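Only one structure is covered here, and it is reproduced in the block below.
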Amino acid sequence: MTSGDVTDEADDAAEERDFFISYTKADQGWAEWIAWVLEETGYRVLLQAWDFVPGSNWIVGMQNGVRRAARTLAVLSDSYARSVHGTAEWQAAWKADPTGVRRRLLVARVADCDRPSLLDHVVSFDLFGISQHQARNDLLQAAKLAVSGGRAKPTSAPSFPSDSSGAPATPPFPAGSAAPDLGGVAPALSRGKPGGGETGNVLPSGGPAVGVNYRAALARRFTGPFQSLRQAVIPLDPLPGDLRLADPADLDNPVSRFRGRTELIGRIDAFLNRCVQQRRGGYLLVEAEAGMGKSALATYLAYTRVWPAHFTRLAEGRSPQIARRNLGAQLIARWQLEDAAPDGVLPERAESTAWLSGRLSEAAARRDRETPGVPVVLLIDGLDEAPLPPTGELSFGLPPSLPPGTVIIATTRPKMVAVPAEARVVERIDVESAANHRDLLNYLTAITASDPELSEALRISGPSVDRFCRMLLDRSGGVWIYALTVLDQIRDHARDPADVARLPSGLASYYADTVARWRAELGVNRWRNHGLPVLATLAAIPAAAPSAAALCRPKLAEDPTQRKNQKLLMTISVRIVGPCLSIRARRQTHIEHPSIVAALDDPAQPVGRGCKQPPLYRAGVFFPQN
């Protein structure tokens with residue numbers, strides 16, 4: 001092979017890259033971290049430390065990187081500003097696009113330094129003096145705008161400047177200060193290590209998440225020998241729509257409507273950091289009552305971190321065997337464990353607990369060899385909804401102990417799953433906490449401003465956005481599913497926004513009020529003979545089942561009059577809890593959201609605020625037997 005052949009190959013390789021990282025040896029840690037974040041998000045990067053292997057000509061590689069890669073990202077510090085080679089690289093990129101119209105040169109400052117000569121005219125962004133979470137967000141936002149050529153316009157309308165009565169804003173992070181202390185623990189992974197904490201990417205302005213590269217990242221993983229593994233993976237595509245995270249006006253970002261949980265995400269990052277730095281594995285349980293947005297948080301993390309993930313709410317998601325196959329296939333593709341699935345086919349033993357545990361160990365070993373700063377993570381939503389495991393085992397047959405730097409993050413209702421105490425950390429979402437109320441209010445403010453249906457309904461009805469959002473927050477008591485249900489009713493023209501002040505207080509009281517109206521509509525006899533059995537049956541079945549009314553009264557459909565009653569019952573039953581209850585294909589009925597089941601399961605628990613009697617008892621759902 002001639003030297004010309006080598007040059008052509010390097011030339012072609014550089015042309016395939018989105019970014020060429022220009023840096024000096026003193027900043028190699030920063031350069032590797034930047035390259036890892038960009039590649040993990042789906043961009044193609046040329047980096048000397050990774051791509052200029054022994055035997056290659058690094059001068060030729062540098063020339064081709066500047067000349068043929070789509071963009072050069074300069075890692076600016078005092079060392080870089082004094083570097084002869086660094087100066088040559090950024091000047092070549094500047095010369096190729098002196099006006100910046102093609103955004104060929106990006107400048108990321110990693111230290112408080114001056115911008116030399118022409119670099120002073122290039123808009124830069126800083127990665128130092130802030131938390132890793134914020135640094136990653138800023139990096140990905142800069143990359144996205146450079147590639148798309150777009151603007152940094154927010155997706156929701158900004159507040160009117162003179163409006164001091166709006167939602168309480170989160171205090172701005174002080175520029176140039178040290179990273180904040182996240183709950184008394186270390187603030188995310190060391191910047192000097194590639195991979196960071198694989199943290200999510202919220203816009204620096206606090207806007208919606210950027211999940212636009214999720215599918216690209218999956219496509220890169222499930223290629224070549226891993227392509228067939230996609231057949232064992234449960235797709236996450238239904239989640240953004242079901243959980244109201246998708247914005248029809250922003251199809252590229254499936255989770256653009258996610259808001260809040262910034263403090264909780266920071267604590268998750270800190271736990272990952274500790275597990276990697278201290279060389280230990282562990283479970284992190286995110287506990288919250290039903291209706292608090294656990295699945296929305298898990299979906300956001302799955303789309304922005306691209307961790308191997310399993311959701312019990314999806315098809316066949318409650319099967320332990322399928323859950324282990326799903327997680328195992330994603331784990332193999334994520335960490336490129338070629339020997340674990342010959343020809344891209346999982347072995348029969350892939351459904352066993354021991355097999356999944358072995359793959360976690362292999363992933364941790366590869367991580368230690370190639371990217372020691374990155375945690376091995378599995379994400380499970382709804383661990384409490386898994387079948388009851390045999391005595392002495394964990395839900396889904398998960399391994400009781402994990403390799404160093406390996407973490408399983410799981411959402412669950414409080415105290416519903418057993419995990420060894422010495423290997424777990426519990427993060428709780430408290431419905432009455434100021435952080436939860438702030439997150440929900442910010443979400444309501446943003447969604448009512450950006451959703452045309454809600455904006456129009458508020459315009460016609462009359463209440464101001466601020467008054468409506470604050471009243472809905474008060475009525476819901478901080479329970480997200482309550483507020484989201486009311487918003488859906490307004491979209492469907494089933495509720496006037498002006499009526500929000502008359503809503504009952506608390507989720508259980510909301511359900512009680514709805515059931516009480518249903519009971520009054522049916523009358524005493526039809527309620528006792530038909531309505532109550534339907535509701536009780538719906539509360540008892542965990543998954544879709546044939547018509548609940550038919551289950552309660554199998555012979556109802558034989559008589560025309562009774563068939564009419566059955567149809568009425570099924571129609572009314574759908575109106576019990578709005579989106580929390582639905583009829584599926586072939587007249588299958590089930591409760592969509594476990595919050596109504598929880599309310600029916602525990603009638604002795606006074607969930608509603610100021611209730612002297614349990615709300616569902618007052619609604620007449622529970623009464624002495626005749």
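Just so we're on the same page: first chain in the structure tokens is A, next is B, and so on; residues restart at 1 for each chain, and ligands are numbered from 1 in the order they show up.
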
Taking only stretch 70-164 of chain A into account, list the residues labelled strand (DSSP E or B) by DSSP (computed from the backbone), as an MDAnalysis selection string.
chainID A and resid 71:76 105:109 124:126

Let's have the selection written as a compact mmCIF listing (two decimals), in the first residue's frame, with N, CA, C and O atoms.
```
# COMPACT_ATOMS: atom_id res chain seq x y z
N ARG A 71 -16.98 19.74 11.03
CA ARG A 71 -16.73 20.87 11.93
C ARG A 71 -15.53 20.58 12.82
O ARG A 71 -15.25 19.42 13.13
N THR A 72 -14.86 21.64 13.23
CA THR A 72 -13.78 21.54 14.22
C THR A 72 -14.27 22.12 15.53
O THR A 72 -14.84 23.22 15.56
N LEU A 73 -14.06 21.37 16.62
CA LEU A 73 -14.41 21.86 17.95
C LEU A 73 -13.11 22.09 18.70
O LEU A 73 -12.40 21.12 19.02
N ALA A 74 -12.78 23.34 18.95
CA ALA A 74 -11.54 23.68 19.63
C ALA A 74 -11.74 23.69 21.13
O ALA A 74 -12.66 24.35 21.64
N VAL A 75 -10.91 22.94 21.86
CA VAL A 75 -10.95 22.88 23.32
C VAL A 75 -9.99 23.96 23.82
O VAL A 75 -8.78 23.76 23.90
N LEU A 76 -10.54 25.11 24.18
CA LEU A 76 -9.73 26.30 24.43
C LEU A 76 -9.32 26.42 25.89
O LEU A 76 -10.16 26.39 26.80
N LEU A 105 -16.47 26.16 12.88
CA LEU A 105 -15.59 26.23 14.05
C LEU A 105 -16.41 26.50 15.30
O LEU A 105 -17.10 27.50 15.40
N LEU A 106 -16.34 25.56 16.26
CA LEU A 106 -16.95 25.74 17.57
C LEU A 106 -15.83 25.88 18.60
O LEU A 106 -14.80 25.20 18.49
N VAL A 107 -16.04 26.73 19.58
CA VAL A 107 -15.02 26.96 20.61
C VAL A 107 -15.62 26.66 21.98
O VAL A 107 -16.59 27.32 22.38
N ALA A 108 -15.06 25.70 22.68
CA ALA A 108 -15.49 25.34 24.02
C ALA A 108 -14.38 25.70 25.00
O ALA A 108 -13.32 25.07 24.99
N ARG A 109 -14.59 26.71 25.83
CA ARG A 109 -13.59 27.08 26.83
C ARG A 109 -13.65 26.10 28.00
O ARG A 109 -14.73 25.85 28.55
N SER A 124 -18.36 31.57 21.69
CA SER A 124 -17.93 30.34 22.34
C SER A 124 -18.91 29.96 23.45
O SER A 124 -19.87 30.69 23.74
N PHE A 125 -18.67 28.82 24.08
CA PHE A 125 -19.43 28.42 25.25
C PHE A 125 -18.47 27.82 26.26
O PHE A 125 -17.42 27.29 25.90
N ASP A 126 -18.81 27.93 27.54
CA ASP A 126 -17.92 27.50 28.62
C ASP A 126 -18.38 26.16 29.20
O ASP A 126 -19.59 25.95 29.42
```

Find the nearest atom pair between each residue of stretch 229-257 of chain A and stretch 433-457 of chain A for residues within 10 Å, count only C-alpha atoms, give distances in Å to one decimal, sort rows by chain and ascending number, and present the table as a tab-separated table.
```
residue	atom	partner	partner_atom	distance
A:Asp247	CA	A:Asp451	CA	8.3
A:Pro248	CA	A:Asp451	CA	9.2
A:Ala249	CA	A:Asp451	CA	9.2
A:Arg257	CA	A:Ile447	CA	7.5
```

Let me see the file: selected residues, N, CA, C and O atoms, as an mmCIF file, in the first residue's frame.
```cif
data_model
loop_
_atom_site.group_PDB
_atom_site.id
_atom_site.type_symbol
_atom_site.label_atom_id
_atom_site.label_comp_id
_atom_site.auth_asym_id
_atom_site.auth_seq_id
_atom_site.Cartn_x
_atom_site.Cartn_y
_atom_site.Cartn_z
ATOM 1 N N ASP A 247 -44.545 16.360 21.760
ATOM 2 C CA ASP A 247 -45.168 17.580 21.258
ATOM 3 C C ASP A 247 -45.387 17.420 19.759
ATOM 4 O O ASP A 247 -44.429 17.209 19.009
ATOM 5 N N PRO A 248 -46.636 17.478 19.278
ATOM 6 C CA PRO A 248 -46.877 17.328 17.839
ATOM 7 C C PRO A 248 -46.106 18.327 16.991
ATOM 8 O O PRO A 248 -45.840 18.078 15.816
ATOM 9 N N ALA A 249 -45.734 19.454 17.581
ATOM 10 C CA ALA A 249 -44.991 20.475 16.831
ATOM 11 C C ALA A 249 -43.489 20.215 16.833
ATOM 12 O O ALA A 249 -42.743 20.961 16.210
ATOM 13 N N ARG A 257 -41.739 17.604 25.970
ATOM 14 C CA ARG A 257 -42.598 18.229 26.970
ATOM 15 C C ARG A 257 -42.239 17.836 28.403
ATOM 16 O O ARG A 257 -42.940 18.223 29.333
#
```

Each residue of stretch 420-514 of chain A with at least one atom at most 12 Å from stretch 405-414 of chain A should appear once, together with its nearest atom pair and the corresponding distance in Å (one decimal); atoms considered: only C-alpha atoms; ordering: chain, then increasing residue number; output as a Markdown table.
```
| residue | atom | partner | partner_atom | distance |
| --- | --- | --- | --- | --- |
| A:Ala423 | CA | A:Val407 | CA | 9.7 |
| A:Arg424 | CA | A:Ile408 | CA | 9.4 |
| A:Val425 | CA | A:Ile409 | CA | 9.6 |
| A:Val426 | CA | A:Pro414 | CA | 9.4 |
| A:Glu427 | CA | A:Thr411 | CA | 9.5 |
| A:Arg428 | CA | A:Pro414 | CA | 8.1 |
| A:Ile429 | CA | A:Pro414 | CA | 9.8 |
| A:Asp430 | CA | A:Pro414 | CA | 10.6 |
```

Would you save the residues from that selection as a PDB file, in the first residue's frame, using N, CA and C atoms?
```
ATOM      1  N   ALA A 423     -27.147  -2.585  49.647  1.00  0.00           N
ATOM      2  CA  ALA A 423     -26.809  -2.314  48.247  1.00  0.00           C
ATOM      3  C   ALA A 423     -27.792  -1.352  47.593  1.00  0.00           C
ATOM      4  N   ARG A 424     -28.526  -0.583  48.399  1.00  0.00           N
ATOM      5  CA  ARG A 424     -29.544   0.266  47.777  1.00  0.00           C
ATOM      6  C   ARG A 424     -29.522   1.675  48.347  1.00  0.00           C
ATOM      7  N   VAL A 425     -30.012   2.595  47.529  1.00  0.00           N
ATOM      8  CA  VAL A 425     -30.289   3.967  47.927  1.00  0.00           C
ATOM      9  C   VAL A 425     -31.702   4.268  47.453  1.00  0.00           C
ATOM     10  N   VAL A 426     -32.474   4.931  48.282  1.00  0.00           N
ATOM     11  CA  VAL A 426     -33.863   5.248  47.944  1.00  0.00           C
ATOM     12  C   VAL A 426     -34.009   6.758  47.785  1.00  0.00           C
ATOM     13  N   GLU A 427     -34.520   7.182  46.642  1.00  0.00           N
ATOM     14  CA  GLU A 427     -34.861   8.578  46.394  1.00  0.00           C
ATOM     15  C   GLU A 427     -36.379   8.671  46.282  1.00  0.00           C
ATOM     16  N   ARG A 428     -36.984   9.490  47.117  1.00  0.00           N
ATOM     17  CA  ARG A 428     -38.441   9.579  47.153  1.00  0.00           C
ATOM     18  C   ARG A 428     -38.929  10.887  46.522  1.00  0.00           C
ATOM     19  N   ILE A 429     -40.006  10.776  45.770  1.00  0.00           N
ATOM     20  CA  ILE A 429     -40.701  11.951  45.249  1.00  0.00           C
ATOM     21  C   ILE A 429     -41.879  12.206  46.179  1.00  0.00           C
ATOM     22  N   ASP A 430     -41.781  13.237  46.990  1.00  0.00           N
ATOM     23  CA  ASP A 430     -42.801  13.551  47.980  1.00  0.00           C
ATOM     24  C   ASP A 430     -43.836  14.479  47.368  1.00  0.00           C
TER      25      ASP A 430
END
```

What parts of stretch 69-169 of chain A does DSSP call helix (DSSP H, G or I)? I'd like the answer as a PyMOL selection string.
chain A and resi 78-82+84-96+117-121+132-148
